[in-house]
$ cat run-v8.cif   # mmCIF, C-alpha atoms and all ligand atoms
data_data
#
loop_
_atom_site.label_atom_id
_atom_site.label_comp_id
_atom_site.auth_asym_id
_atom_site.auth_seq_id
_atom_site.Cartn_x
_atom_site.Cartn_y
_atom_site.Cartn_z
CA MET J 1038 203.75 114.43 156.43
CA ARG J 1039 205.40 117.80 157.07
CA VAL J 1040 206.19 120.33 154.35
CA ALA J 1041 208.31 123.45 154.82
CA GLY J 1042 209.75 126.30 152.77
CA ARG J 1043 210.87 129.92 152.92
CA TYR J 1044 207.38 131.38 152.40
CA ALA J 1045 203.85 130.09 152.03
CA ILE J 1046 201.35 132.21 150.10
CA THR J 1047 198.31 130.99 151.97
CA MET J 1048 195.69 133.02 150.05
CA GLY J 1049 193.85 132.94 153.37
CA PRO J 1050 193.63 135.37 156.29
CA ARG J 1051 197.24 134.73 157.26
CA GLY J 1052 198.57 136.16 154.00
CA VAL J 1053 202.19 135.24 153.32
CA VAL J 1054 203.75 133.16 156.12
CA ALA J 1055 207.54 133.14 156.55
CA ASP J 1056 209.30 129.88 157.50
CA PRO J 1057 206.09 127.87 157.14
CA ILE J 1058 205.74 124.34 158.41
CA ILE J 1059 202.62 122.61 157.13
CA GLU J 1060 201.44 119.38 158.67
CA ILE J 1061 199.32 117.09 156.50
CA GLU J 1062 197.19 114.33 157.92
CA GLY J 1063 195.42 112.07 155.45
CA ASN J 1064 194.19 114.28 152.63
CA ARG J 1065 193.82 117.45 154.75
CA ILE J 1066 196.00 120.23 156.09
CA LYS J 1067 196.20 119.68 159.84
CA SER J 1068 198.11 122.84 160.72
CA ILE J 1069 200.28 125.65 159.38
CA ASP J 1070 202.75 127.44 161.62
CA SER J 1071 205.77 129.67 161.26
CA GLN J 1072 208.83 127.98 162.69
CA PRO J 1073 212.38 128.58 161.38
CA GLY J 1074 214.59 125.52 161.02
CA SER J 1075 211.82 122.92 161.34
CA GLN J 1076 212.41 119.34 160.27
CA ALA J 1077 210.21 118.40 157.35
CA ASP J 1078 209.70 115.53 154.92
CA PHE J 1079 209.75 118.02 152.03
CA TRP J 1080 211.45 121.40 152.08
CA VAL J 1081 211.63 123.91 149.29
CA ASP J 1082 214.02 126.83 148.98
CA GLY J 1083 211.21 129.03 147.79
CA ILE J 1084 207.43 129.32 147.96
CA ILE J 1085 204.63 126.95 148.92
CA LEU J 1086 201.41 127.70 147.02
CA PRO J 1087 197.91 126.35 147.33
CA GLY J 1088 197.30 123.90 144.48
CA LEU J 1089 196.43 125.79 141.28
CA ILE J 1090 193.08 125.11 139.62
CA SER J 1091 192.06 125.47 135.97
CA THR J 1092 188.29 125.74 135.72
CA HIS J 1093 188.13 125.01 132.00
CA THR J 1094 190.22 122.80 129.79
CA HIS J 1095 189.85 120.45 126.84
CA LEU J 1096 192.42 117.73 127.44
CA HIS J 1097 192.06 116.64 123.82
CA GLY J 1098 193.64 119.97 122.87
CA LEU J 1099 196.82 117.90 122.92
CA VAL J 1100 195.92 116.72 119.39
CA ALA J 1101 195.69 120.26 118.12
CA TYR J 1102 199.08 121.49 119.25
CA GLY J 1103 201.29 121.86 116.19
CA HIS J 1104 198.64 120.27 113.97
CA PRO J 1105 199.90 119.93 110.35
CA VAL J 1106 196.70 121.53 109.02
CA PRO J 1107 196.82 125.14 110.24
CA PRO J 1108 193.58 126.39 111.82
CA PRO J 1109 191.77 129.00 109.71
CA ALA J 1110 191.32 132.52 111.02
CA GLY J 1111 188.01 133.51 112.57
CA PHE J 1112 185.87 131.93 115.24
CA TRP J 1113 183.37 130.13 113.02
CA PRO J 1114 185.87 128.75 110.46
CA PHE J 1115 188.06 127.67 113.38
CA LEU J 1116 185.24 125.52 114.76
CA LYS J 1117 183.49 124.36 111.64
CA GLU J 1118 186.43 123.70 109.34
CA TRP J 1119 189.05 122.61 111.84
CA TRP J 1120 188.34 121.96 115.53
CA TRP J 1121 185.17 119.89 114.95
CA PRO J 1122 186.07 117.80 111.86
CA LEU J 1123 189.81 117.38 112.41
CA VAL J 1124 189.94 117.09 116.19
CA GLU J 1125 186.73 116.30 118.05
CA ASP J 1126 184.81 114.24 115.50
CA VAL J 1127 187.61 111.74 114.96
CA LEU J 1128 188.18 110.82 118.61
CA THR J 1129 187.54 107.24 119.76
CA ALA J 1130 187.26 106.09 123.36
CA GLU J 1131 190.85 104.87 123.18
CA ASP J 1132 191.97 108.33 121.95
CA VAL J 1133 190.07 110.08 124.74
CA GLU J 1134 191.73 107.88 127.34
CA SER J 1135 195.27 108.23 126.01
CA LEU J 1136 195.05 111.99 125.45
CA ALA J 1137 193.39 112.66 128.81
CA ALA J 1138 195.99 110.66 130.73
CA TYR J 1139 198.99 112.51 129.33
CA ALA J 1140 197.35 115.94 129.29
CA ALA J 1141 196.31 115.44 132.92
CA LEU J 1142 199.88 114.63 133.82
CA LEU J 1143 201.15 117.73 131.99
CA HIS J 1144 198.75 119.82 134.06
CA VAL J 1145 199.94 118.34 137.34
CA LYS J 1146 203.62 118.53 136.45
CA SER J 1147 203.34 122.24 135.86
CA GLY J 1148 201.47 123.00 139.09
CA TYR J 1149 197.77 122.53 138.41
CA THR J 1150 196.46 120.22 141.12
CA CYS J 1151 192.91 120.34 139.76
CA PHE J 1152 191.21 121.04 136.44
CA CYS J 1153 187.74 120.84 134.87
CA ASP J 1154 187.83 118.94 131.64
CA VAL J 1155 185.27 119.48 128.91
CA MET J 1156 185.67 116.56 126.52
CA GLU J 1157 183.77 116.67 123.25
CA ALA J 1158 183.97 113.41 121.31
CA PRO J 1159 180.50 112.86 119.86
CA TYR J 1160 181.40 109.72 117.93
CA ALA J 1161 183.44 107.94 120.62
CA GLU J 1162 182.14 104.58 121.84
CA ALA J 1163 179.85 104.49 124.89
CA GLY J 1164 181.68 104.51 128.21
CA PHE J 1165 184.48 106.77 126.96
CA MET J 1166 184.08 109.26 129.79
CA MET J 1167 184.42 106.65 132.52
CA ARG J 1168 187.64 105.53 130.83
CA GLU J 1169 188.82 109.13 130.87
CA ALA J 1170 187.96 109.53 134.57
CA ALA J 1171 189.92 106.39 135.46
CA ALA J 1172 192.93 107.52 133.40
CA ILE J 1173 193.00 110.91 135.17
CA ASP J 1174 192.54 109.28 138.56
CA ALA J 1175 195.65 107.15 137.98
CA THR J 1176 197.82 110.26 137.58
CA GLY J 1177 196.87 111.49 141.07
CA ALA J 1178 195.24 114.70 139.79
CA ARG J 1179 192.07 116.16 141.20
CA ALA J 1180 189.57 116.78 138.43
CA PHE J 1181 186.01 117.46 137.39
CA VAL J 1182 185.28 115.63 134.16
CA SER J 1183 182.47 116.27 131.74
CA ASN J 1184 181.33 115.30 128.32
CA GLU J 1185 180.39 118.37 126.34
CA ALA J 1186 176.89 117.49 125.14
CA THR J 1187 175.87 119.01 121.83
CA GLU J 1188 173.07 118.61 119.31
CA ARG J 1189 175.24 119.37 116.30
CA ALA J 1190 175.58 115.62 115.49
CA GLY J 1191 171.84 114.91 115.60
CA PRO J 1192 169.27 113.99 118.28
CA GLU J 1193 170.34 110.40 118.89
CA ILE J 1194 173.94 111.31 119.57
CA ALA J 1195 172.83 114.31 121.63
CA GLN J 1196 170.82 112.01 123.90
CA LYS J 1197 173.74 109.57 124.17
CA LEU J 1198 176.07 112.41 125.16
CA LEU J 1199 173.70 113.65 127.85
CA GLU J 1200 173.46 110.15 129.29
CA GLU J 1201 177.22 109.72 129.17
CA ASN J 1202 177.58 112.96 131.10
CA ALA J 1203 174.82 112.17 133.59
CA ALA J 1204 176.58 108.94 134.59
CA LEU J 1205 179.62 110.97 135.61
CA LEU J 1206 177.60 112.92 138.16
CA ASP J 1207 177.57 109.90 140.47
CA LEU J 1208 181.36 109.96 140.79
CA SER J 1209 182.69 111.18 144.11
CA GLY J 1210 186.13 111.76 145.56
CA ARG J 1211 189.18 113.16 143.82
CA VAL J 1212 187.77 112.78 140.30
CA GLN J 1213 184.17 113.95 140.06
CA GLY J 1214 181.75 114.78 137.28
CA LEU J 1215 180.10 117.99 136.17
CA MET J 1216 177.48 118.56 133.48
CA SER J 1217 178.55 120.34 130.29
CA VAL J 1218 176.77 121.51 127.19
CA HIS J 1219 178.53 123.32 124.38
CA THR J 1220 176.67 126.55 123.76
CA THR J 1221 173.54 128.24 122.39
CA PHE J 1222 174.37 127.83 118.69
CA SER J 1223 174.91 124.07 118.96
CA CYS J 1224 172.22 123.27 121.54
CA SER J 1225 168.53 124.18 121.67
CA GLY J 1226 167.01 125.92 124.69
CA ASP J 1227 165.19 122.72 125.67
CA PHE J 1228 168.39 120.73 125.51
CA ILE J 1229 170.31 123.24 127.65
CA ARG J 1230 167.46 123.33 130.18
CA LYS J 1231 167.28 119.53 130.31
CA ALA J 1232 171.02 119.28 130.97
CA LYS J 1233 170.80 121.88 133.72
CA GLU J 1234 167.87 120.05 135.34
CA THR J 1235 169.88 116.83 135.34
CA ALA J 1236 172.73 118.67 137.06
CA ARG J 1237 170.35 120.21 139.60
CA ASP J 1238 168.85 116.83 140.42
CA LYS J 1239 172.33 115.58 141.32
CA ASP J 1240 173.48 118.83 142.98
CA ALA J 1241 176.22 119.03 140.34
CA LEU J 1242 178.01 121.88 138.62
CA PHE J 1243 176.99 122.95 135.12
CA GLN J 1244 179.28 124.40 132.46
CA LEU J 1245 178.77 126.01 129.08
CA HIS J 1246 180.62 128.34 126.68
CA LEU J 1247 179.29 131.88 126.76
CA SER J 1248 179.82 134.64 124.20
CA GLU J 1249 183.23 133.51 123.08
CA GLY J 1250 183.02 135.26 119.73
CA THR J 1251 180.84 137.93 118.16
CA TYR J 1252 179.23 135.17 116.07
CA HIS J 1253 177.74 133.72 119.23
CA VAL J 1254 176.09 137.03 120.15
CA GLN J 1255 174.78 137.71 116.63
CA ASP J 1256 173.35 134.21 116.30
CA THR J 1257 171.49 134.39 119.62
CA GLN J 1258 170.14 137.84 118.77
CA GLU J 1259 168.98 136.78 115.31
CA ARG J 1260 167.27 133.58 116.41
CA PHE J 1261 165.92 134.56 119.82
CA GLY J 1262 165.89 138.37 119.76
CA LYS J 1263 168.10 138.55 122.84
CA ARG J 1264 171.75 138.58 123.74
CA PRO J 1265 173.15 135.33 125.20
CA VAL J 1266 173.03 136.23 128.92
CA PRO J 1267 169.33 137.28 129.00
CA TYR J 1268 168.52 134.29 126.79
CA LEU J 1269 170.20 131.86 129.23
CA ASP J 1270 168.74 133.70 132.20
CA ASP J 1271 165.26 133.25 130.75
CA LEU J 1272 166.01 129.53 130.38
CA GLY J 1273 166.71 129.53 134.13
CA VAL J 1274 170.20 128.05 133.89
CA LEU J 1275 172.26 130.84 135.44
CA ASP J 1276 173.08 130.36 139.11
CA GLU J 1277 175.97 129.81 141.51
CA MET J 1278 176.39 126.23 140.24
CA THR J 1279 177.04 127.43 136.68
CA ILE J 1280 180.48 128.03 135.17
CA ALA J 1281 180.35 130.25 132.09
CA SER J 1282 183.59 129.78 130.22
CA GLN J 1283 184.98 132.48 127.89
CA SER J 1284 182.48 135.30 128.57
CA VAL J 1285 184.32 137.64 126.20
CA HIS J 1286 181.52 139.73 124.69
CA LEU J 1287 179.37 141.08 127.51
CA THR J 1288 177.44 144.30 128.03
CA GLU J 1289 177.29 146.10 131.38
CA ASP J 1290 173.78 144.69 131.89
CA GLU J 1291 174.98 141.18 131.18
CA ILE J 1292 177.81 141.55 133.70
CA GLU J 1293 175.24 142.75 136.26
CA THR J 1294 173.14 139.65 135.60
CA LEU J 1295 176.12 137.31 135.98
CA ALA J 1296 176.95 139.00 139.30
CA ALA J 1297 173.35 138.90 140.53
CA ARG J 1298 172.98 135.21 139.65
CA GLU J 1299 176.41 134.46 141.21
CA VAL J 1300 177.55 132.76 138.00
CA ASN J 1301 181.21 131.76 137.97
CA VAL J 1302 183.20 132.91 134.95
CA SER J 1303 186.11 130.92 133.57
CA HIS J 1304 188.36 133.34 131.73
CA ASN J 1305 190.52 131.77 129.00
CA PRO J 1306 192.76 134.56 127.71
CA ILE J 1307 195.37 132.57 125.79
CA SER J 1308 192.74 130.76 123.75
CA ASN J 1309 190.86 134.03 123.17
CA MET J 1310 194.05 135.57 121.85
CA GLU J 1311 194.84 132.58 119.63
CA ILE J 1312 191.44 132.62 117.96
CA GLY J 1313 191.27 136.40 118.02
CA THR J 1314 187.92 136.61 119.79
CA GLY J 1315 188.89 139.51 122.03
CA ALA J 1316 189.77 140.41 125.62
CA ALA J 1317 187.11 139.56 128.21
CA PRO J 1318 186.01 142.52 130.39
CA VAL J 1319 187.65 141.07 133.49
CA ALA J 1320 188.23 144.42 135.23
CA GLN J 1321 184.53 145.29 134.90
CA MET J 1322 183.52 141.83 136.12
CA LEU J 1323 185.72 142.22 139.20
CA GLU J 1324 184.20 145.66 139.87
CA ARG J 1325 180.72 144.12 139.82
CA GLY J 1326 181.75 141.24 142.08
CA VAL J 1327 181.64 138.42 139.53
CA ASN J 1328 183.61 135.36 140.64
CA VAL J 1329 186.31 135.21 137.96
CA THR J 1330 188.45 132.10 137.59
CA LEU J 1331 190.99 131.04 134.99
CA GLY J 1332 190.96 128.22 132.46
CA ASP J 1333 193.32 127.03 129.77
CA ASP J 1334 190.75 125.98 127.16
CA GLY J 1335 192.87 123.10 125.94
CA PHE J 1336 195.58 125.38 124.59
CA VAL J 1337 198.69 123.36 125.40
CA ARG J 1338 200.89 126.32 126.36
CA ALA J 1339 198.23 127.21 128.92
CA PHE J 1340 198.44 123.74 130.50
CA ASP J 1341 201.18 125.66 132.31
CA PRO J 1342 199.60 127.86 135.02
CA PHE J 1343 202.61 130.17 135.17
CA ILE J 1344 202.32 131.04 131.48
CA ASN J 1345 198.58 131.41 131.96
CA MET J 1346 198.96 133.73 134.97
CA SER J 1347 201.59 136.00 133.47
CA THR J 1348 199.68 136.23 130.18
CA THR J 1349 196.48 137.12 132.02
CA PHE J 1350 198.17 139.90 133.95
CA LEU J 1351 199.87 141.29 130.84
CA LEU J 1352 196.74 141.15 128.68
CA HIS J 1353 194.71 143.19 131.13
CA ALA J 1354 197.55 145.61 131.82
CA LEU J 1355 197.63 146.24 128.07
CA THR J 1356 193.89 146.53 127.51
CA THR J 1357 193.02 148.55 130.63
CA GLY J 1358 196.10 150.73 130.95
CA GLY J 1359 197.25 148.78 134.01
CA GLY J 1360 196.24 148.66 137.64
CA HIS J 1361 192.81 147.08 137.21
CA VAL J 1362 193.69 143.39 137.36
CA GLY J 1363 196.53 142.87 139.83
CA THR J 1364 198.81 139.94 140.57
CA GLN J 1365 196.79 139.15 143.71
CA ASP J 1366 193.63 139.00 141.56
CA VAL J 1367 195.28 136.70 139.05
CA LEU J 1368 196.52 134.29 141.71
CA ALA J 1369 193.05 134.31 143.29
CA PHE J 1370 191.55 133.30 139.91
CA LEU J 1371 193.44 129.97 140.14
CA THR J 1372 193.08 129.44 143.87
CA THR J 1373 190.37 130.90 146.13
CA ASN J 1374 187.99 131.94 143.34
CA ALA J 1375 188.34 128.60 141.58
CA ALA J 1376 187.78 126.66 144.80
CA ARG J 1377 184.65 128.74 145.45
CA ALA J 1378 183.36 128.00 141.94
CA LEU J 1379 183.95 124.28 142.36
CA ARG J 1380 182.78 124.17 146.00
CA LEU J 1381 186.11 122.68 147.03
CA GLU J 1382 187.63 123.13 150.46
CA ALA J 1383 190.84 124.14 148.77
CA GLY J 1384 192.44 127.18 147.16
CA SER J 1385 194.04 128.39 150.38
CA ILE J 1386 196.50 126.90 152.84
CA GLU J 1387 194.40 126.68 155.95
CA GLU J 1388 193.71 124.12 158.62
CA GLY J 1389 191.10 121.62 157.45
CA ASN J 1390 191.45 122.33 153.74
CA LEU J 1391 192.37 119.67 151.22
CA ALA J 1392 196.11 119.06 151.15
CA ASP J 1393 196.77 120.28 147.60
CA LEU J 1394 200.09 122.14 147.48
CA VAL J 1395 202.73 123.26 145.00
CA LEU J 1396 206.34 123.62 146.13
CA LEU J 1397 208.06 126.22 143.98
CA GLU J 1398 211.81 126.69 144.01
CA ASP J 1399 213.07 130.26 143.90
CA SER J 1400 215.28 130.52 140.83
CA SER J 1401 215.24 134.31 140.61
CA PRO J 1402 218.37 136.38 141.34
CA ALA J 1403 216.12 139.05 142.90
CA PRO J 1404 215.51 139.01 146.64
CA LEU J 1405 212.37 137.16 147.68
CA GLY J 1406 210.31 138.44 150.58
CA PRO J 1407 206.75 138.43 151.83
CA GLU J 1408 206.10 141.73 150.07
CA ASN J 1409 206.94 140.43 146.57
CA ALA J 1410 206.14 136.70 146.84
CA ILE J 1411 202.85 137.01 144.92
CA TYR J 1412 204.31 139.29 142.26
CA HIS J 1413 207.22 136.89 141.89
CA THR J 1414 204.87 133.90 141.55
CA VAL J 1415 202.61 135.48 138.93
CA LEU J 1416 205.22 137.27 136.83
CA GLY J 1417 208.59 135.74 137.70
CA ALA J 1418 208.10 132.03 138.24
CA ALA J 1419 207.95 129.23 135.67
CA SER J 1420 206.69 125.68 135.72
CA GLY J 1421 210.33 124.54 135.64
CA ASP J 1422 210.57 125.88 139.19
CA VAL J 1423 207.97 123.36 140.42
CA ARG J 1424 209.83 121.01 142.74
CA ALA J 1425 206.94 118.98 144.12
CA VAL J 1426 203.19 118.75 143.77
CA ILE J 1427 200.97 117.30 146.47
CA VAL J 1428 197.36 116.40 145.72
CA ASP J 1429 194.97 115.02 148.32
CA GLY J 1430 197.88 114.56 150.72
CA GLN J 1431 199.80 112.46 148.20
CA VAL J 1432 203.06 113.44 146.49
CA VAL J 1433 202.31 113.09 142.77
CA ILE J 1434 205.31 114.97 141.36
CA TYR J 1435 208.74 115.13 142.95
CA ARG J 1436 211.75 116.79 141.32
CA GLY J 1437 209.79 116.91 138.08
CA VAL J 1438 209.12 113.17 138.08
CA ALA J 1439 205.65 111.62 138.17
CA GLN J 1440 205.38 109.39 141.21
CA LEU J 1441 202.26 107.36 140.37
CA VAL J 1442 202.44 106.74 136.62
CA ASP J 1443 205.09 106.10 133.98
CA GLU J 1444 205.34 109.41 132.14
CA GLU J 1445 207.17 107.99 129.13
CA GLN J 1446 204.52 105.34 128.65
CA LEU J 1447 201.70 107.90 128.82
CA LYS J 1448 203.55 110.20 126.45
CA HIS J 1449 204.17 107.50 123.85
CA ARG J 1450 200.60 106.30 124.02
CA SER J 1451 199.33 109.83 123.37
CA MET J 1452 201.89 110.25 120.56
CA ASP J 1453 200.56 107.12 118.84
CA THR J 1454 197.06 108.61 118.99
CA ILE J 1455 198.16 112.01 117.72
CA HIS J 1456 200.18 110.60 114.82
CA ARG J 1457 197.29 108.42 113.70
CA LEU J 1458 194.80 111.31 113.88
CA TRP J 1459 197.12 113.62 111.99
CA LYS J 1460 197.60 111.05 109.20
CA GLY J 1461 193.81 110.88 108.84
CA SER J 1462 193.53 114.63 108.37
CA ALA J 1463 196.47 115.08 105.98
ZN ZN J 1501 186.41 125.69 125.77
#
$ encode --input "run-v8.cif" --output "structure tokens"
Amino acid sequence: MRVAGRYAITMGPRGVVADPIIEIEGNRIKSIDSQPGSQADFWVDGIILPGLISTHTHLHGLVAYGHPVPPPAGFWPFLKEWWWPLVEDVLTAEDVESLAAYAALLHVKSGYTCFCDVMEAPYAEAGFMMREAAAIDATGARAFVSNEATERAGPEIAQKLLEENAALLDLSGRVQGLMSVHTTFSCSGDFIRKAKETARDKDALFQLHLSEGTYHVQDTQERFGKRPVPYLDDLGVLDEMTIASQSVHLTEDEIETLAAREVNVSHNPISNMEIGTGAAPVAQMLERGVNVTLGDDGFVRAFDPFINMSTTFLLHALTTGGGHVGTQDVLAFLTTNAARALRLEAGSIEEGNLADLVLLEDSSPAPLGPENAIYHTVLGAASGDVRAVIVDGQVVIYRGVAQLVDEEQLKHRSMDTIHRLWKGSA
């Protein structure tokens, strides 16, 4: 298959390539050359991007969008009075499957070729995560799936959740597993360590929420006499295979530790703004060499990478006075940095990499050139400009239409789930 366009933002050593022609063989990029007027199977009057990657989502966030019971203000009330009882604790295996399928498709339609899902459904029937993995696989998306293990529902359920997650670590291919635990206020040190050891045994990634709100920091200090990063470091769970999502409240020393341990950070700005937990110190993390990536945290508007990218840029322009987190940085969060975090041969358009591409039509009246292609992508483009999405060498979206699944069917199935759950919480 050959794909061509006006420009390709490779995010690799070749920078922005004009008149690109990309040859795909199987699920890999065979070559990329610059050749005006080439014949191609797919051509876009605009930009070809490497597939965009969200390193942290909760696909079941689909239930929460527009929920008839408004979430209370504050981090702890948000979790304890709303997100846990009205969303996560009512999910069945059938709900997980239907929500994951449609939310996965929404990700792919808007330009995410890969995402890491953190599903928390402590009362769902056994086997719910394998059902989720199969539902995502059918959409054509690349994904890392995990069951967010937690001890908040008691030791028996905690053990069941760990086992459910461990089974995912044997998956290979386009949909793989990673190990997730919630965080330090819902999981004991022993539990977190045990989960990390299971991940290490299987050479798998490990994910947890870190210092999302000030509550998290206070709780860890009160109970363990340390801030969250030194506490987790002492548990031995911080390394290059760990993804710390959120990471909002960090001291300089904590940022140094994350850099030294090569921990990957998944920054989730839209969710942080919604809950009011603060702006993560992304500029400082970049200065120290932390591998920063971007997630959407299950906030439905952020299922759209273009909204997520522009919001990220604007947030840090506002909080730092501008110039510290650039458009190139933001695009790297969803491409090269994310691929590094997930150990994927992806994130840049280079020979031998996975053939995950987004074809973006140029709808702007402003001239498009190699000098402004990245700026245009991060601040000017929208998911409505996505003309085609290729994952693993397969066209999964073309002209906005899902090629492998029936979108209407997935949507209606998820609507049935959402309506039933909302009735239960009214
Ligand atoms: Zn999260």
$ closest_residue --input "run-v8.cif" --among "J:Val1285, J:Leu1295, J:Leu1405, J:Leu1198" --to "Asp1082 of chain J" --atoms "only C-alpha atoms"
J:Leu1405
$ residues_around --input "run-v8.cif" --residues "Gln1321 of chain J" --least-positions-apart "4" --cutoff "10 Å" --atoms "all atoms listed in the file" --output "PyMOL selection string"
chain J and resi 1287-1289+1292-1293+1317+1325-1327+1361-1362
$ atom_distance --input "run-v8.cif" --atom1 "atom CA of Gly1273 of chain J" --atom2 "atom CA of Gly1332 of chain J"
24.3 Å
$ residues_near_ligand --input "run-v8.cif" --ligand "ligand ZN 1501 (chain J)" --cutoff "7 Å" --atoms "all atoms listed in the file" --output "number ranges by chain"
J: 1093-1095, 1246, 1282, 1334-1335
$ atom_distance --input "run-v8.cif" --atom1 "atom CA of Glu1445 of chain J" --atom2 "atom CA of Met1167 of chain J"
23.0 Å
$ closest_atom_pairs --input "run-v8.cif" --of "segment 1204-1320 of chain J" --to "segment 1415-1434 of chain J" --cutoff "12 Å" --atoms "only C-alpha atoms" --output "CSV"
residue,atom,partner,partner_atom,distance
J:Gly1210,CA,J:Asp1429,CA,9.8
J:Arg1211,CA,J:Asp1429,CA,7.6
J:Val1212,CA,J:Asp1429,CA,11.0
$ closest_residue --input "run-v8.cif" --among "J:Asp1132, J:Asp1443, J:Glu1387, J:Asp1207" --to "Gly1052 of chain J" --atoms "only C-alpha atoms"
J:Glu1387
$ decode --input "run-v8.cif" --residues "segment 1376-1405 of chain J" --atoms "C-alpha atoms" --output "PDB file, in the first residue's frame"
ATOM      1  CA  ALA J1376       6.205   5.206  21.775  1.00  0.00           C
ATOM      2  CA  ARG J1377       9.307   5.270  23.991  1.00  0.00           C
ATOM      3  CA  ALA J1378       7.166   4.845  27.108  1.00  0.00           C
ATOM      4  CA  LEU J1379       5.302   1.906  25.595  1.00  0.00           C
ATOM      5  CA  ARG J1380       8.386   0.390  23.931  1.00  0.00           C
ATOM      6  CA  LEU J1381       6.644   0.524  20.563  1.00  0.00           C
ATOM      7  CA  GLU J1382       8.477   0.829  17.279  1.00  0.00           C
ATOM      8  CA  ALA J1383       6.143   3.652  16.382  1.00  0.00           C
ATOM      9  CA  GLY J1384       5.707   7.362  17.017  1.00  0.00           C
ATOM     10  CA  SER J1385       7.728   8.405  13.972  1.00  0.00           C
ATOM     11  CA  ILE J1386       7.434   7.779  10.253  1.00  0.00           C
ATOM     12  CA  GLU J1387      10.579   5.825   9.580  1.00  0.00           C
ATOM     13  CA  GLU J1388      11.528   2.710   7.698  1.00  0.00           C
ATOM     14  CA  GLY J1389      10.817  -0.388   9.776  1.00  0.00           C
ATOM     15  CA  ASN J1390       8.398   1.251  12.198  1.00  0.00           C
ATOM     16  CA  LEU J1391       4.843   0.068  12.670  1.00  0.00           C
ATOM     17  CA  ALA J1392       2.559   1.402   9.958  1.00  0.00           C
ATOM     18  CA  ASP J1393       0.350   3.585  12.161  1.00  0.00           C
ATOM     19  CA  LEU J1394      -0.522   6.797  10.316  1.00  0.00           C
ATOM     20  CA  VAL J1395      -3.063   9.613  10.382  1.00  0.00           C
ATOM     21  CA  LEU J1396      -3.959  11.420   7.160  1.00  0.00           C
ATOM     22  CA  LEU J1397      -5.054  14.941   7.975  1.00  0.00           C
ATOM     23  CA  GLU J1398      -6.736  17.171   5.420  1.00  0.00           C
ATOM     24  CA  ASP J1399      -5.691  20.808   5.394  1.00  0.00           C
ATOM     25  CA  SER J1400      -8.847  22.831   5.974  1.00  0.00           C
ATOM     26  CA  SER J1401      -7.100  26.045   6.976  1.00  0.00           C
ATOM     27  CA  PRO J1402      -7.176  29.145   4.747  1.00  0.00           C
ATOM     28  CA  ALA J1403      -3.599  29.920   5.853  1.00  0.00           C
ATOM     29  CA  PRO J1404      -0.693  28.707   3.738  1.00  0.00           C
ATOM     30  CA  LEU J1405       0.733  25.367   4.841  1.00  0.00           C
TER      31      LEU J1405
END
